[in-house]
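As structure tokens, the structure follows; a few thoughts come after it.
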Amino acid sequence: MPNSVTEAEQFEKIRTKVFHGSETAVQELASIISDLIRQRQSDDRRVVLGLATGSTPVKLYQELIRLHREGGLSFQNVVTFNLDEYYGLSPDHPESYRHFMEVQLFRHVDLPPEQAHVPDGLVERDKVFEYCADYESQIEEAGGIDIQIVGIGRTGHIGFNEPGSGPDSRTRMVALDRLTRRDAARDFRGEANVPAYAITMGIGTILQGRQILLLGWGESKALILRAAIEGPETDAVPASFLQRHPDCGCYIDQAAALSLGLLASAKNLSSDSGTRIIPRTPLLLFWWRPARPMV
Ligand code: PGA
């Protein structure tokens, strides 16, 4: 019986590192970020970070706060741009992403407030286009994003680039996908309270970052991560456009890796069973392989 994993499925198209748990992953992610911050400090230069919200980056922010408190990491030379914001929410609304960032990171570190940018959810409707163009200009004027953190939604969105978003899309107002609103319903105490629109950096904006770190934890992300990492590039899965970035790394835990063919191929599928076997052994941990060269 032929092996059910095709040749194309055996290779991830985004370099992927699978960790035992998110705790170990965030230590590595935080050291990538803190190394760059310190290196730039010694050159008297700024670092521009692209930041994400949601549950995914929370532990990473906690680790950065720990490095600030216990390791003397300063954020004085850091400039940040967040991916997105709900349209219609004020900065102090408890579910706004500005509020999230204040609570999860900004107020705990010495990042100068004027260097932290989150899209404004209260821009007047007829000023949105101009506002979004200005957000892009501010990123450019800051020197472009050095490291962009992204999570992935179950729709495959990065930022709020829902299915249908093209690879050249720029910062703009978007309508949120039904699944995204459903996933946010608990935080807003009901789907009807979840804003219908958001302002988000575009996929083209994200792809301009020099380095992209895609994070994903837990089994609920396993199928969409498989589509993003191993599937074709398609606007049905906006995160799949990260495949075309020369320096995008995906950091996931074992549960989020459950559906990946690469794990099965790593342990050599039994050629007669045709079944994907994903052994939970230490061999899976910290397993890293360069992405398959694009043809
Ligand atoms: P989550 O959301 O981190 O809360 O799972 C990720 C996203 O929607 O980008």
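If you're wondering about the labels, chains in the structure tokens are A, B, ... by order shown, residues count from 1 in each chain, ligands from 1 in order shown.
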Find the nearest atom pair between each residue of region 74-184 of chain A and region 21-40 of chain A for residues within 12 Å, count only C-alpha atoms, give distances in Å to one decimal, sort rows by chain and ascending number, and present the table as JSON lines.
{"residue": "A:Ser74", "atom": "CA", "partner": "A:Ile37", "partner_atom": "CA", "distance": 8.1}
{"residue": "A:Phe75", "atom": "CA", "partner": "A:Ile37", "partner_atom": "CA", "distance": 7.5}
{"residue": "A:Gln76", "atom": "CA", "partner": "A:Ile37", "partner_atom": "CA", "distance": 9.4}
{"residue": "A:Asn77", "atom": "CA", "partner": "A:Ile37", "partner_atom": "CA", "distance": 7.4}
{"residue": "A:Val78", "atom": "CA", "partner": "A:Ile37", "partner_atom": "CA", "distance": 7.2}
{"residue": "A:Val79", "atom": "CA", "partner": "A:Ile37", "partner_atom": "CA", "distance": 10.4}
{"residue": "A:Leu111", "atom": "CA", "partner": "A:Ile37", "partner_atom": "CA", "distance": 11.8}
{"residue": "A:Asp146", "atom": "CA", "partner": "A:Leu36", "partner_atom": "CA", "distance": 8.9}
{"residue": "A:Ile147", "atom": "CA", "partner": "A:Ile33", "partner_atom": "CA", "distance": 7.5}
{"residue": "A:Gln148", "atom": "CA", "partner": "A:Ile33", "partner_atom": "CA", "distance": 10.0}
{"residue": "A:Ile149", "atom": "CA", "partner": "A:Leu29", "partner_atom": "CA", "distance": 9.5}
{"residue": "A:Val150", "atom": "CA", "partner": "A:Leu29", "partner_atom": "CA", "distance": 11.9}
**Request:** Please identify every polymer residue within 6 Å of ligand 1, using only C-alpha atoms and all ligand atoms, and present the set as a list in words.
**Result:** Gly54, Ser55, Thr56, Gly151, Ile152, Gly153, Ile158 and Gly159 of chain A
**Request:** Check region 22-263 of chain A with DSSP on the backbone and list each residue it calls strand (DSSP E or B), as a PyMOL selection string.
**Result:** chain A and resi 47-51+78-82+84-86+116-117+147-150+158+161+172-175+197-200+211-216+234+237+248-253
File of the preceding selection, C-alpha atoms, as a PDB file, in the first residue's frame:
ATOM      1  CA  VAL A  47      14.857  48.209  17.316  1.00  0.00           C
ATOM      2  CA  VAL A  48      11.420  48.125  15.743  1.00  0.00           C
ATOM      3  CA  LEU A  49       9.177  45.323  16.960  1.00  0.00           C
ATOM      4  CA  GLY A  50       5.871  44.323  15.394  1.00  0.00           C
ATOM      5  CA  LEU A  51       3.629  43.076  18.186  1.00  0.00           C
ATOM      6  CA  VAL A  78      12.540  49.921  21.284  1.00  0.00           C
ATOM      7  CA  VAL A  79       9.775  51.155  18.986  1.00  0.00           C
ATOM      8  CA  THR A  80       6.674  48.994  18.640  1.00  0.00           C
ATOM      9  CA  PHE A  81       3.855  48.730  16.123  1.00  0.00           C
ATOM     10  CA  ASN A  82       0.908  46.498  16.866  1.00  0.00           C
ATOM     11  CA  ASP A  84      -4.343  45.501  14.705  1.00  0.00           C
ATOM     12  CA  GLU A  85      -7.163  46.997  16.745  1.00  0.00           C
ATOM     13  CA  TYR A  86     -10.917  46.517  16.906  1.00  0.00           C
ATOM     14  CA  ALA A 116       4.450  52.316  21.297  1.00  0.00           C
ATOM     15  CA  HIS A 117       1.989  52.351  18.399  1.00  0.00           C
ATOM     16  CA  ILE A 147      11.071  41.406  14.201  1.00  0.00           C
ATOM     17  CA  GLN A 148       7.371  40.800  13.684  1.00  0.00           C
ATOM     18  CA  ILE A 149       5.516  38.542  16.131  1.00  0.00           C
ATOM     19  CA  VAL A 150       2.383  36.898  14.746  1.00  0.00           C
ATOM     20  CA  ILE A 158      -2.541  36.904  10.751  1.00  0.00           C
ATOM     21  CA  ASN A 161      -6.226  39.574   7.641  1.00  0.00           C
ATOM     22  CA  ARG A 172      -6.716  48.964   6.176  1.00  0.00           C
ATOM     23  CA  MET A 173     -10.129  48.482   7.665  1.00  0.00           C
ATOM     24  CA  VAL A 174     -11.486  44.945   7.407  1.00  0.00           C
ATOM     25  CA  ALA A 175     -14.627  43.026   8.318  1.00  0.00           C
ATOM     26  CA  TYR A 197     -14.655  45.646  11.886  1.00  0.00           C
ATOM     27  CA  ALA A 198     -11.013  46.186  12.681  1.00  0.00           C
ATOM     28  CA  ILE A 199      -7.973  48.056  11.462  1.00  0.00           C
ATOM     29  CA  THR A 200      -5.118  45.744  10.617  1.00  0.00           C
ATOM     30  CA  GLN A 211      12.184  38.602  10.487  1.00  0.00           C
ATOM     31  CA  ILE A 212       8.832  37.030  11.278  1.00  0.00           C
ATOM     32  CA  LEU A 213       8.127  34.749  14.223  1.00  0.00           C
ATOM     33  CA  LEU A 214       4.873  32.802  13.912  1.00  0.00           C
ATOM     34  CA  LEU A 215       3.674  31.332  17.206  1.00  0.00           C
ATOM     35  CA  GLY A 216       1.005  28.742  17.898  1.00  0.00           C
ATOM     36  CA  THR A 234      -3.677  30.738  -0.828  1.00  0.00           C
ATOM     37  CA  VAL A 237      -5.355  30.691   4.516  1.00  0.00           C
ATOM     38  CA  CYS A 248       9.999  33.397   8.853  1.00  0.00           C
ATOM     39  CA  GLY A 249      10.238  30.828  11.632  1.00  0.00           C
ATOM     40  CA  CYS A 250       7.314  29.003  13.154  1.00  0.00           C
ATOM     41  CA  TYR A 251       7.474  28.166  16.887  1.00  0.00           C
ATOM     42  CA  ILE A 252       4.841  25.747  18.084  1.00  0.00           C
ATOM     43  CA  ASP A 253       4.206  23.278  20.862  1.00  0.00           C
TER      44      ASP A 253
END
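When only C-alpha atoms are used to compute distances to Ile139 (chain A), the closest of the residues A:Gly231, A:Gly209, A:Gly190, A:Pro238 turns out to be A:Gly209.
Between CA of Gln254 (chain A) and CA of Ala222 (chain A) lies a distance of 9.2 Å.
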**Prompt:** Closest to Val194 (chain A) among A:Asp44, A:Asp126, A:Glu70, A:Glu95, using only C-alpha atoms?
**Reply:**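 Going through A:Asp44, A:Asp126, A:Glu70, A:Glu95 one by one, the smallest distance to Val194 (chain A) is for A:Glu95.
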**Which residue of A:Gln243, A:Gln115, A:Ser90, A:Gln104 approaches Leu64 (chain A) most closely, using only C-alpha atoms** =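 Residue with the minimum atom-to-atom distance to Leu64 (chain A): A:Gln104.
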**Request:** For CA of Gly218 (chain A) and CA of His157 (chain A), quote the distance in Å rounded to one decimal.
**Result:** 16.4 Å
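Residue neighbourhood of Ile224 (chain A), excluding near-sequence residues (fewer than 4 positions): A:Arg154, A:Thr155, A:Gly156, A:Ala228, A:Val237, at 8 Å, using only C-alpha atoms.
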For the selection you just gave me, I'd like the residues written to a file as an mmCIF file, in the first residue's frame, keeping C-alpha atoms.
data_model
loop_
_atom_site.group_PDB
_atom_site.id
_atom_site.type_symbol
_atom_site.label_atom_id
_atom_site.label_comp_id
_atom_site.auth_asym_id
_atom_site.auth_seq_id
_atom_site.Cartn_x
_atom_site.Cartn_y
_atom_site.Cartn_z
ATOM 1 C CA ARG A 154 -8.464 29.543 13.414
ATOM 2 C CA THR A 155 -9.507 31.199 10.147
ATOM 3 C CA GLY A 156 -5.822 31.330 9.174
ATOM 4 C CA ALA A 228 -0.285 27.441 6.705
ATOM 5 C CA VAL A 237 -5.355 30.691 4.516
#
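Between CA of Trp217 (chain A) and CA of Lys17 (chain A) there is a distance of 12.0 Å.
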